[in-house]
$ cat input-v2.tsv   # TSV, C-alpha atoms
chain	number	residue	atom	x	y	z
A	1	THR	CA	120.43	70.07	88.08
A	2	GLY	CA	121.79	70.10	91.63
A	3	ILE	CA	119.28	72.79	92.63
A	4	ASP	CA	117.20	72.36	95.81
A	5	LEU	CA	113.72	73.18	94.49
A	6	VAL	CA	112.10	73.45	97.92
A	7	LYS	CA	114.74	75.91	99.10
A	8	THR	CA	114.27	77.92	95.89
A	9	GLN	CA	110.48	77.98	96.38
A	10	LEU	CA	110.91	79.34	99.90
A	11	GLN	CA	113.27	82.03	98.63
A	12	VAL	CA	110.76	83.14	95.97
A	13	ALA	CA	107.91	83.08	98.49
A	14	ALA	CA	109.97	85.40	100.71
A	15	GLY	CA	110.29	87.91	97.85
A	16	GLY	CA	113.54	86.69	96.29
A	17	LYS	CA	114.31	86.61	92.58
A	18	LEU	CA	115.59	83.84	90.31
A	19	ALA	CA	118.61	85.58	88.81
A	20	GLY	CA	120.95	84.30	86.13
A	21	ARG	CA	120.61	81.49	83.62
A	22	PRO	CA	118.72	78.26	84.46
A	23	PRO	CA	121.10	75.53	85.68
A	24	ALA	CA	122.29	72.95	83.16
A	25	GLU	CA	120.92	69.41	83.41
A	26	ILE	CA	123.48	66.81	84.45
A	27	GLY	CA	122.68	63.08	84.26
A	28	HIS	CA	119.33	61.40	84.85
A	29	ALA	CA	117.04	60.88	87.89
A	30	ILE	CA	114.01	58.61	88.46
A	31	GLU	CA	111.67	58.60	91.46
A	32	ALA	CA	109.63	55.68	92.79
A	33	ARG	CA	106.79	56.40	95.19
A	34	LEU	CA	106.40	53.77	97.90
A	35	ASN	CA	102.75	53.78	99.01
A	36	ALA	CA	100.61	51.86	101.50
A	37	GLU	CA	98.28	50.52	98.85
A	38	ASP	CA	97.38	47.06	97.55
A	39	PRO	CA	97.90	46.50	93.80
A	40	ASP	CA	95.88	43.25	94.06
A	41	ARG	CA	92.82	45.33	95.05
A	42	ASP	CA	93.10	47.99	92.33
A	43	PHE	CA	95.55	50.03	94.45
A	44	ALA	CA	93.07	50.51	97.28
A	45	PRO	CA	94.60	52.20	100.35
A	46	SER	CA	96.02	49.62	102.76
A	47	PRO	CA	97.15	51.58	105.83
A	48	GLY	CA	98.22	50.43	109.28
A	49	ARG	CA	101.09	50.50	111.75
A	50	ILE	CA	104.61	50.25	110.31
A	51	VAL	CA	106.14	47.18	111.95
A	52	ARG	CA	109.42	47.40	110.07
A	53	LEU	CA	111.00	50.05	107.86
A	54	ASP	CA	114.45	49.56	106.34
A	55	LEU	CA	115.13	52.22	103.71
A	56	PRO	CA	118.02	52.03	101.20
A	57	THR	CA	121.26	53.99	101.04
A	58	GLY	CA	124.15	54.10	98.62
A	59	PRO	CA	125.63	56.08	95.70
A	60	GLY	CA	123.06	58.12	93.83
A	61	ILE	CA	120.19	57.24	96.19
A	62	ARG	CA	118.05	59.77	98.06
A	63	VAL	CA	115.04	58.93	100.25
A	64	ASP	CA	112.43	61.49	101.30
A	65	THR	CA	110.09	60.24	104.02
A	66	GLY	CA	108.03	61.60	106.89
A	67	VAL	CA	107.42	58.34	108.78
A	68	SER	CA	109.49	55.90	110.79
A	69	GLU	CA	109.16	52.45	112.30
A	70	GLY	CA	106.29	52.35	114.79
A	71	ASP	CA	104.31	55.13	113.10
A	72	THR	CA	100.84	54.52	111.71
A	73	ILE	CA	99.80	55.31	108.15
A	74	PRO	CA	96.35	56.84	108.82
A	75	ALA	CA	93.24	55.64	107.04
A	76	ASP	CA	91.98	59.16	106.25
A	77	PHE	CA	95.08	60.78	104.76
A	78	ASP	CA	97.82	60.27	102.20
A	79	SER	CA	99.08	56.69	101.82
A	80	MET	CA	102.64	57.64	100.85
A	81	ILE	CA	105.48	56.08	102.85
A	82	ALA	CA	108.55	57.41	101.02
A	83	LYS	CA	109.96	58.72	97.76
A	84	ILE	CA	113.00	56.74	96.62
A	85	ILE	CA	115.04	58.71	94.09
A	86	ALA	CA	117.94	57.34	92.05
A	87	TYR	CA	120.44	59.48	90.14
A	88	GLY	CA	122.85	58.26	87.45
A	89	ARG	CA	124.97	59.51	84.59
A	90	ASP	CA	122.31	58.17	82.20
A	91	ARG	CA	118.88	56.52	82.34
A	92	ASP	CA	120.23	52.95	82.48
A	93	GLU	CA	122.45	53.73	85.47
A	94	ALA	CA	119.59	55.49	87.28
A	95	LEU	CA	117.27	52.52	86.63
A	96	GLY	CA	119.89	50.05	87.89
A	97	ARG	CA	120.42	52.02	91.08
A	98	LEU	CA	116.65	52.33	91.63
A	99	ARG	CA	116.17	48.56	91.21
A	100	ARG	CA	118.88	47.86	93.77
A	101	ALA	CA	117.47	50.45	96.18
A	102	LEU	CA	113.94	49.01	96.00
A	103	ALA	CA	115.21	45.43	96.37
A	104	GLU	CA	117.00	46.50	99.57
A	105	THR	CA	113.88	48.22	100.94
A	106	THR	CA	111.89	46.34	103.59
A	107	VAL	CA	108.49	47.64	104.67
A	108	ILE	CA	106.01	45.69	106.78
A	109	ILE	CA	102.64	47.23	107.62
A	110	ALA	CA	100.57	45.31	110.17
A	111	GLY	CA	97.54	44.13	108.24
A	112	GLY	CA	98.41	46.38	105.30
A	113	ALA	CA	100.32	46.18	102.04
A	114	THR	CA	102.67	48.25	99.89
A	115	ASN	CA	103.22	48.68	96.17
A	116	LYS	CA	106.94	47.77	96.40
A	117	SER	CA	106.80	44.55	94.37
A	118	PHE	CA	104.55	46.21	91.76
A	119	VAL	CA	107.09	49.01	91.27
A	120	LEU	CA	109.91	46.46	91.01
A	121	ASP	CA	107.90	44.69	88.30
A	122	LEU	CA	107.41	48.00	86.48
A	123	LEU	CA	111.15	48.58	86.37
A	124	ASP	CA	111.58	45.40	84.30
A	125	GLN	CA	109.04	46.40	81.64
A	126	PRO	CA	110.48	47.60	78.29
A	127	GLU	CA	107.90	50.41	78.09
A	128	VAL	CA	109.25	51.80	81.38
A	129	THR	CA	112.94	51.25	80.73
A	130	GLY	CA	112.54	52.74	77.25
A	131	GLY	CA	110.40	55.66	78.42
A	132	THR	CA	107.52	54.93	76.02
A	133	ALA	CA	104.73	54.30	78.57
A	134	ASP	CA	101.88	56.80	78.71
A	135	THR	CA	99.40	57.58	81.50
A	136	GLY	CA	96.92	54.92	80.35
A	137	TRP	CA	99.49	52.15	79.81
A	138	ILE	CA	99.17	50.53	83.26
A	139	ASP	CA	95.37	50.31	82.98
A	140	ARG	CA	95.60	48.70	79.54
A	141	VAL	CA	98.22	46.15	80.60
A	142	ARG	CA	96.38	45.20	83.81
A	143	ALA	CA	93.10	44.85	81.89
A	144	ALA	CA	94.89	42.27	79.73
A	145	GLY	CA	96.07	40.37	82.83
A	146	GLY	CA	99.59	41.78	82.97
A	147	LEU	CA	101.60	43.41	85.76
A	148	VAL	CA	100.42	40.81	88.30
A	149	SER	CA	103.46	38.92	89.51
A	150	HIS	CA	102.96	35.31	90.60
A	151	ARG	CA	106.70	34.66	90.84
A	152	GLY	CA	107.50	32.73	94.01
A	153	ALA	CA	103.83	32.12	94.86
A	154	ALA	CA	104.30	28.41	95.59
A	155	VAL	CA	107.34	29.15	97.78
A	156	ALA	CA	105.22	31.70	99.67
A	157	LEU	CA	102.48	29.08	100.17
A	158	ALA	CA	105.05	26.62	101.52
A	159	VAL	CA	106.45	29.19	103.97
A	160	ALA	CA	102.96	30.22	105.17
A	161	ALA	CA	102.06	26.57	105.73
A	162	ILE	CA	105.29	25.98	107.67
A	163	GLU	CA	104.50	28.98	109.88
A	164	ALA	CA	100.98	27.62	110.48
A	165	TYR	CA	102.47	24.20	111.31
A	166	GLU	CA	104.90	25.77	113.77
A	167	ASP	CA	102.06	27.69	115.44
A	168	ALA	CA	100.08	24.46	115.90
A	169	GLU	CA	103.20	22.69	117.17
A	170	ASN	CA	103.85	25.44	119.74
A	171	LEU	CA	100.26	25.20	120.99
A	172	ALA	CA	100.57	21.42	121.27
A	173	ARG	CA	103.85	21.79	123.19
A	174	GLN	CA	102.29	24.27	125.63
A	175	ARG	CA	99.32	21.92	126.15
A	176	LEU	CA	101.69	19.00	126.77
A	177	LEU	CA	103.62	20.91	129.44
A	178	ALA	CA	100.47	22.28	131.08
A	179	THR	CA	98.74	18.89	131.28
A	180	ALA	CA	101.95	17.14	132.33
A	181	HIS	CA	102.17	19.55	135.26
A	182	GLY	CA	98.81	18.15	136.39
A	183	GLY	CA	99.99	14.56	136.03
A	184	ARG	CA	98.12	13.63	132.84
A	185	PRO	CA	100.16	14.72	129.79
A	186	GLN	CA	98.16	15.11	126.55
A	187	VAL	CA	99.25	15.84	123.00
A	188	GLN	CA	96.91	17.11	120.28
A	189	LEU	CA	98.92	17.71	117.10
A	190	ASP	CA	97.29	16.36	113.95
A	191	THR	CA	100.25	16.19	111.58
A	192	GLY	CA	98.15	14.48	108.91
A	193	ARG	CA	95.72	17.37	108.46
A	194	PRO	CA	96.53	19.76	105.58
A	195	VAL	CA	96.41	23.53	105.95
A	196	GLU	CA	93.77	25.26	103.80
A	197	LEU	CA	95.21	28.46	102.31
A	198	LYS	CA	93.99	31.06	99.82
A	199	LEU	CA	96.09	33.22	97.52
A	200	ARG	CA	94.55	35.68	95.02
A	201	GLY	CA	91.19	33.90	95.14
A	202	ALA	CA	92.52	30.35	94.60
A	203	GLY	CA	92.40	27.71	97.33
A	204	TYR	CA	95.27	25.35	98.14
A	205	ARG	CA	95.78	22.37	100.45
A	206	VAL	CA	99.29	22.26	101.90
A	207	HIS	CA	100.60	19.41	104.02
A	208	VAL	CA	103.72	19.94	106.15
A	209	GLY	CA	105.87	17.40	107.97
A	210	ARG	CA	108.96	18.28	109.99
A	211	ALA	CA	111.90	16.01	109.15
A	212	ALA	CA	114.62	17.91	111.06
A	213	PRO	CA	114.81	21.02	113.28
A	214	HIS	CA	114.81	23.38	110.27
A	215	ARG	CA	113.86	21.04	107.40
A	216	PHE	CA	110.33	20.24	106.26
A	217	ARG	CA	108.62	18.09	103.65
A	218	VAL	CA	105.88	20.14	101.96
A	219	THR	CA	103.12	18.96	99.61
A	220	ILE	CA	100.96	21.53	97.76
A	221	ALA	CA	97.77	20.69	95.87
A	222	ALA	CA	95.34	23.02	94.07
A	223	GLY	CA	91.80	21.78	93.47
A	224	THR	CA	91.89	18.29	92.03
A	225	GLY	CA	95.30	18.83	90.46
A	226	GLN	CA	98.41	16.76	90.96
A	227	PRO	CA	100.16	17.42	94.30
A	228	HIS	CA	103.65	18.93	94.15
A	229	GLU	CA	106.27	18.01	96.75
A	230	ALA	CA	109.37	19.81	97.92
A	231	ASP	CA	112.04	19.78	100.61
A	232	ALA	CA	112.20	23.15	102.38
A	233	GLU	CA	114.91	24.26	104.76
A	234	LEU	CA	113.96	27.42	106.65
A	235	GLU	CA	116.48	29.73	108.32
A	236	ARG	CA	115.37	32.83	110.21
A	237	PHE	CA	117.61	35.88	110.68
A	238	ASP	CA	115.13	37.66	112.98
A	239	ALA	CA	111.38	37.80	113.59
A	240	GLN	CA	110.61	39.01	110.04
A	241	THR	CA	113.50	38.14	107.74
A	242	GLY	CA	115.21	34.94	106.71
A	243	GLN	CA	115.78	32.59	103.81
A	244	VAL	CA	114.40	29.29	102.60
A	245	VAL	CA	116.02	26.64	100.43
A	246	VAL	CA	113.39	24.78	98.37
A	247	ASN	CA	114.63	21.74	96.45
A	248	GLY	CA	118.12	23.23	96.55
A	249	GLN	CA	117.14	26.73	95.36
A	250	ARG	CA	117.58	29.65	97.78
A	251	PHE	CA	115.06	32.49	98.27
A	252	ARG	CA	115.14	35.64	100.43
A	253	LEU	CA	112.14	36.02	102.76
A	254	VAL	CA	110.28	38.74	104.60
A	255	THR	CA	107.30	37.44	106.59
A	256	ASN	CA	104.68	38.83	108.94
A	257	VAL	CA	101.45	37.43	110.37
A	258	HIS	CA	98.51	39.69	111.21
A	259	GLY	CA	95.41	37.79	112.29
A	260	PRO	CA	94.52	35.23	109.61
A	261	THR	CA	96.74	36.88	106.96
A	262	HIS	CA	100.32	35.87	106.19
A	263	LEU	CA	102.45	38.38	104.32
A	264	VAL	CA	105.26	36.47	102.60
A	265	GLU	CA	107.71	38.36	100.40
A	266	VAL	CA	109.84	36.08	98.22
A	267	ASP	CA	112.84	37.76	96.57
A	268	GLY	CA	111.02	41.10	96.70
A	269	VAL	CA	107.63	39.87	95.41
A	270	ALA	CA	104.90	40.15	98.06
A	271	HIS	CA	102.11	37.59	98.49
A	272	ARG	CA	99.20	37.94	100.93
A	273	ILE	CA	97.99	34.50	101.96
A	274	SER	CA	94.97	33.88	104.16
A	275	ARG	CA	93.81	30.82	106.03
A	276	ASP	CA	90.42	29.43	105.06
A	277	GLU	CA	88.04	30.58	107.80
A	278	GLY	CA	84.82	29.05	106.59
A	279	GLY	CA	83.23	32.05	104.89
A	280	VAL	CA	84.36	34.87	107.20
A	281	VAL	CA	84.82	38.17	105.30
A	282	ARG	CA	87.32	40.50	106.98
A	283	ALA	CA	88.17	44.18	106.57
A	284	PRO	CA	91.16	44.67	104.23
A	285	ALA	CA	92.07	47.99	105.92
A	286	PRO	CA	90.84	50.42	108.61
A	287	ALA	CA	87.61	51.80	107.22
A	288	LEU	CA	84.11	53.16	107.74
A	289	VAL	CA	81.16	50.90	106.88
A	290	VAL	CA	78.96	52.91	104.49
A	291	ALA	CA	76.53	50.25	103.17
A	292	THR	CA	75.34	46.73	103.99
A	293	PRO	CA	73.18	45.82	100.97
A	294	LEU	CA	72.22	42.33	102.21
A	295	GLU	CA	69.77	41.15	104.84
A	296	VAL	CA	70.67	38.16	106.99
A	297	GLY	CA	69.47	35.04	105.19
A	298	ALA	CA	69.73	36.57	101.72
A	299	GLU	CA	71.42	34.61	98.94
A	300	VAL	CA	74.12	36.23	96.83
A	301	ALA	CA	75.87	35.20	93.62
A	302	ALA	CA	79.62	34.92	93.28
A	303	GLY	CA	81.10	38.36	92.64
A	304	ALA	CA	78.06	40.28	93.89
A	305	PRO	CA	78.63	43.15	96.36
A	306	VAL	CA	78.14	42.26	100.03
A	307	LEU	CA	79.55	45.32	101.81
A	308	VAL	CA	80.83	48.81	101.00
A	309	LEU	CA	83.68	50.42	102.98
A	310	GLU	CA	85.22	53.89	102.82
A	311	SER	CA	88.91	54.52	103.51
A	312	MET	CA	91.10	57.50	102.55
A	313	LYS	CA	88.09	59.07	100.75
A	314	MET	CA	87.80	56.01	98.50
A	315	GLU	CA	84.99	53.48	98.46
A	316	THR	CA	85.87	49.78	98.43
A	317	VAL	CA	83.22	47.23	97.44
A	318	LEU	CA	83.69	43.80	99.00
A	319	ARG	CA	82.30	41.00	96.85
A	320	ALA	CA	81.21	37.45	97.58
A	321	PRO	CA	84.02	34.99	96.74
A	322	PHE	CA	81.42	32.28	95.96
A	323	ARG	CA	77.66	31.76	95.78
A	324	ALA	CA	76.52	32.01	99.36
A	325	ARG	CA	73.90	32.85	101.96
A	326	LEU	CA	74.55	35.60	104.52
A	327	ARG	CA	74.53	33.86	107.90
A	328	GLU	CA	75.60	36.78	110.06
A	329	CYS	CA	76.38	40.50	109.71
A	330	LEU	CA	78.82	41.61	112.40
A	331	VAL	CA	78.87	45.36	111.65
A	332	ALA	CA	76.42	48.21	111.12
A	333	VAL	CA	76.44	51.23	108.79
A	334	GLY	CA	78.53	54.00	110.32
A	335	SER	CA	80.78	51.74	112.37
A	336	LEU	CA	84.57	51.99	112.19
A	337	VAL	CA	86.50	48.74	111.70
A	338	GLU	CA	90.18	47.91	111.99
A	339	THR	CA	92.28	45.84	109.59
A	340	GLY	CA	91.34	42.17	109.78
A	341	ALA	CA	88.11	42.74	111.71
A	342	PRO	CA	85.38	40.17	110.86
A	343	LEU	CA	82.53	41.78	108.93
A	344	LEU	CA	80.29	39.02	107.58
A	345	ARG	CA	79.93	35.26	107.74
A	346	LEU	CA	78.88	33.60	104.48
A	347	GLU	CA	77.55	30.08	104.06
A	348	PRO	CA	78.58	28.50	100.72
A	349	LEU	CA	75.76	27.25	98.52
A	350	GLY	CA	75.99	24.46	95.98
A	351	ASP	CA	79.38	23.31	94.74
A	352	GLY	CA	80.91	26.81	94.72
A	353	ASP	CA	81.08	27.09	90.95
A	354	GLY	CA	81.93	30.50	89.61
A	355	ALA	CA	84.24	31.80	92.29
A	356	ALA	CA	84.56	35.48	91.66
A	357	ALA	CA	88.10	36.67	92.13
A	358	GLY	CA	91.21	34.96	91.01
A	359	PRO	CA	91.90	31.82	88.98
A	360	ASP	CA	90.20	28.50	89.43
A	361	ALA	CA	92.19	26.55	92.00
A	362	ALA	CA	92.31	23.53	89.74
A	363	ASP	CA	94.09	25.56	87.07
A	364	ALA	CA	96.36	27.56	89.39
A	365	GLU	CA	100.02	27.07	88.58
A	366	ILE	CA	102.28	25.73	91.32
A	367	ASP	CA	105.76	26.98	90.44
A	368	LEU	CA	107.84	25.03	92.95
A	369	PRO	CA	111.48	24.57	91.92
A	370	ALA	CA	112.09	21.16	90.38
A	371	GLU	CA	113.65	18.52	92.59
A	372	PRO	CA	117.35	17.99	91.87
A	373	THR	CA	118.05	15.24	89.36
A	374	GLY	CA	121.06	13.09	88.69
A	375	LEU	CA	121.71	12.14	92.32
A	376	PRO	CA	123.13	8.60	92.77
A	377	ALA	CA	120.58	6.02	93.93
A	378	PRO	CA	122.37	5.28	97.26
A	379	GLU	CA	122.32	9.01	98.11
A	380	ARG	CA	118.59	9.28	97.33
A	381	VAL	CA	117.81	6.20	99.43
A	382	SER	CA	119.88	7.50	102.34
A	383	ALA	CA	118.13	10.89	102.25
A	384	GLY	CA	114.71	9.22	102.07
A	385	LEU	CA	115.46	6.99	105.07
A	386	ARG	CA	116.79	9.96	107.02
A	387	ASP	CA	113.63	11.98	106.39
A	388	LEU	CA	111.37	9.00	107.15
A	389	ARG	CA	113.18	8.41	110.43
A	390	GLY	CA	112.81	12.07	111.35
A	391	LEU	CA	109.10	12.15	110.46
A	392	LEU	CA	108.24	8.97	112.37
A	393	LEU	CA	110.65	8.88	115.31
A	394	GLY	CA	111.65	12.50	115.79
A	395	PHE	CA	115.10	14.00	115.69
$ encode --input "input-v2.tsv" --output "structure tokens"
Amino acid sequence: TGIDLVKTQLQVAAGGKLAGRPPAEIGHAIEARLNAEDPDRDFAPSPGRIVRLDLPTGPGIRVDTGVSEGDTIPADFDSMIAKIIAYGRDRDEALGRLRRALAETTVIIAGGATNKSFVLDLLDQPEVTGGTADTGWIDRVRAAGGLVSHRGAAVALAVAAIEAYEDAENLARQRLLATAHGGRPQVQLDTGRPVELKLRGAGYRVHVGRAAPHRFRVTIAAGTGQPHEADAELERFDAQTGQVVVNGQRFRLVTNVHGPTHLVEVDGVAHRISRDEGGVVRAPAPALVVATPLEVGAEVAAGAPVLVLESMKMETVLRAPFRARLRECLVAVGSLVETGAPLLRLEPLGDGDGAAAGPDAADAEIDLPAEPTGLPAPERVSAGLRDLRGLLLGF
């Protein structure tokens, strides 16, 4: 309508009158609310410090926000980051502008998460584009397993493993220089050891080998399934953004590491990947510990509650990812914990059957892009020898 509603409210509150005819409606507008919440944990609040905040601009786009880069989304208040509003001559134009605006939005919360990729997924659903969704539609679709995007998950695993490999390589380089200064240089970099990663409850083994300064050979295996291999070429634009080319296919990246958690956003879809820490349960967000139902030494079934936290006036129940025995409780009722703080240490029992959350690792899909086909044999041989030389002799 072109009317500033907040200004009008203030005028009425000051004793003014709404005179004349109501303004005519012109075009269409849609608002997306960007919140610090984790759709993978039933939209539980996921606050923290805003490490990066790039908000969109452009024709028909308006952004209302009260935070900026460096601010902290508190754990005991509203989780909203911004309202992104798109205007168009009709609904299709408004939806198109909103999709573009959200795709150009970059938000990184240290140890936290946002609902950006979930909202992007919503904007591709026919019930949303057609305006037929009701207030219970999201709950029904999620109960049936929908609205959980796994697109780019394997690429995210490859990028997280490359980052872990680079961290280990940097530590080995520092050790080499430090010991060389003392006259006895030592190198401890086990390139044959895979990285154990977890994504949405499924475990993966990822092996990384560097074949050139920015090119890696990555192998991903889930459970006892067939390993999948890919060539990955990583290019960084700055500390958080970049791109990766996997088997010839290009993907946009936003990455951030907070403790044991890697946030990897692939073409707008966010994935939170954690390193396997041998049964350590960590706080998903700043919270208050309100209940510790287990005694040290107690056994617990997969999916049973092990701790209850309170954040933003909501209770979050942490559950055992596998059948386990509680080895150590690191917190007490009434204590405040930060994002990523260790809470419990669980000892797996048996063979780990019946993992609670997420798919069985053996059945998890690894959606790496297919390797290019149709290359002449001499070109394939030359590339293989080049990579082998780089892996064995350096570059």
$ atom_distance --input "input-v2.tsv" --atom1 "CA of Val155 in chain A" --atom2 "CA of Asn256 in chain A"
15.0 Å
$ closest_atom_pairs --input "input-v2.tsv" --of "range 227-311 of chain A" --to "range 75-94 of chain A" --cutoff "12 Å" --atoms "all atoms listed in the file" --output "JSON lines"
{"residue": "A:Pro284", "atom": "CA", "partner": "A:Ala75", "partner_atom": "CA", "distance": 11.5}
{"residue": "A:Ala285", "atom": "CA", "partner": "A:Ala75", "partner_atom": "CA", "distance": 7.8}
{"residue": "A:Pro286", "atom": "CA", "partner": "A:Ala75", "partner_atom": "CA", "distance": 6.0}
{"residue": "A:Ala287", "atom": "CA", "partner": "A:Ala75", "partner_atom": "CA", "distance": 6.8}
{"residue": "A:Leu288", "atom": "CA", "partner": "A:Ala75", "partner_atom": "CA", "distance": 9.5}
{"residue": "A:Leu309", "atom": "CA", "partner": "A:Ala75", "partner_atom": "CA", "distance": 11.6}
{"residue": "A:Glu310", "atom": "CA", "partner": "A:Ala75", "partner_atom": "CA", "distance": 9.2}
{"residue": "A:Ser311", "atom": "CA", "partner": "A:Ala75", "partner_atom": "CA", "distance": 5.7}
$ residues_around --input "input-v2.tsv" --residues "Cys329 in chain A" --least-positions-apart "2" --cutoff "8 Å" --atoms "only C-alpha atoms" --output "list in words"
Val296, Leu326, Arg327, Val331, Ala332, Leu343, Leu344 and Arg345 of chain A
$ atom_distance --input "input-v2.tsv" --atom1 "CA of Glu166 in chain A" --atom2 "CA of Gln240 in chain A"
14.9 Å
$ closest_atom_pairs --input "input-v2.tsv" --of "range 141-216 of chain A" --to "range 369-376 of chain A" --cutoff "12 Å" --atoms "only C-alpha atoms" --output "JSON lines"
{"residue": "A:Arg151", "atom": "CA", "partner": "A:Pro369", "partner_atom": "CA", "distance": 11.2}
{"residue": "A:Gly152", "atom": "CA", "partner": "A:Pro369", "partner_atom": "CA", "distance": 9.3}
{"residue": "A:Ala153", "atom": "CA", "partner": "A:Pro369", "partner_atom": "CA", "distance": 11.1}
{"residue": "A:Ala154", "atom": "CA", "partner": "A:Pro369", "partner_atom": "CA", "distance": 8.9}
{"residue": "A:Val155", "atom": "CA", "partner": "A:Pro369", "partner_atom": "CA", "distance": 8.5}
{"residue": "A:Ala158", "atom": "CA", "partner": "A:Pro369", "partner_atom": "CA", "distance": 11.7}
$ closest_residue --input "input-v2.tsv" --among "A:Ala324, A:Ala156, A:Val257, A:Val333" --to "Val289 in chain A" --atoms "all atoms listed in the file"
A:Val333
$ residues_near_point --input "input-v2.tsv" --point "(116.5, 16.0, 114.9)" --cutoff "9 Å" --atoms "only C-alpha atoms" --output "PyMOL selection string"
chain A and resi 211-214+390+394-395
$ closest_residue --input "input-v2.tsv" --among "A:Gly334, A:Val159, A:Pro305, A:Asp238" --to "His262 in chain A" --atoms "all atoms listed in the file"
A:Val159
$ residues_near_point --input "input-v2.tsv" --point "(106.6, 38.3, 106.4)" --cutoff "12 Å" --atoms "only C-alpha atoms" --output "ChimeraX atom specification"
/A:51-52,106-113,156-157,159-160,163,236,238-243,252-258,261-273
$ closest_residue --input "input-v2.tsv" --among "A:Pro39, A:Arg210, A:Asn170, A:Thr72" --to "Leu147 in chain A" --atoms "all atoms listed in the file"
A:Pro39
$ residues_around --input "input-v2.tsv" --residues "range 10-25 of chain A" --least-positions-apart "2" --cutoff "6 Å" --atoms "all atoms listed in the file" --output "number ranges by chain"
A: 1, 7-8
$ closest_residue --input "input-v2.tsv" --among "A:Gly297, A:Gly201, A:Gly60, A:Gly384" --to "Asp231 in chain A" --atoms "all atoms listed in the file"
A:Gly384
$ closest_residue --input "input-v2.tsv" --among "A:Ser68, A:Ser274, A:Gln186, A:Thr316" --to "Phe43 in chain A" --atoms "only C-alpha atoms"
A:Thr316
$ atom_distance --input "input-v2.tsv" --atom1 "CA of Val63 in chain A" --atom2 "CA of Lys313 in chain A"
27.0 Å
$ residues_around --input "input-v2.tsv" --residues "Asn115 in chain A" --least-positions-apart "5" --cutoff "7 Å" --atoms "only C-alpha atoms" --output "ChimeraX atom specification"
/A:34-39
$ residues_around --input "input-v2.tsv" --residues "Glu69 in chain A" --least-positions-apart "2" --cutoff "6 Å" --atoms "only C-alpha atoms" --output "JSON, numbers by chain"
{"A": [50, 52, 53, 71]}
$ residues_around --input "input-v2.tsv" --residues "Ala301 in chain A" --least-positions-apart "6" --cutoff "8 Å" --atoms "all atoms listed in the file" --output "list in words"
Ala320, Phe322, Arg323 and Ala324 of chain A
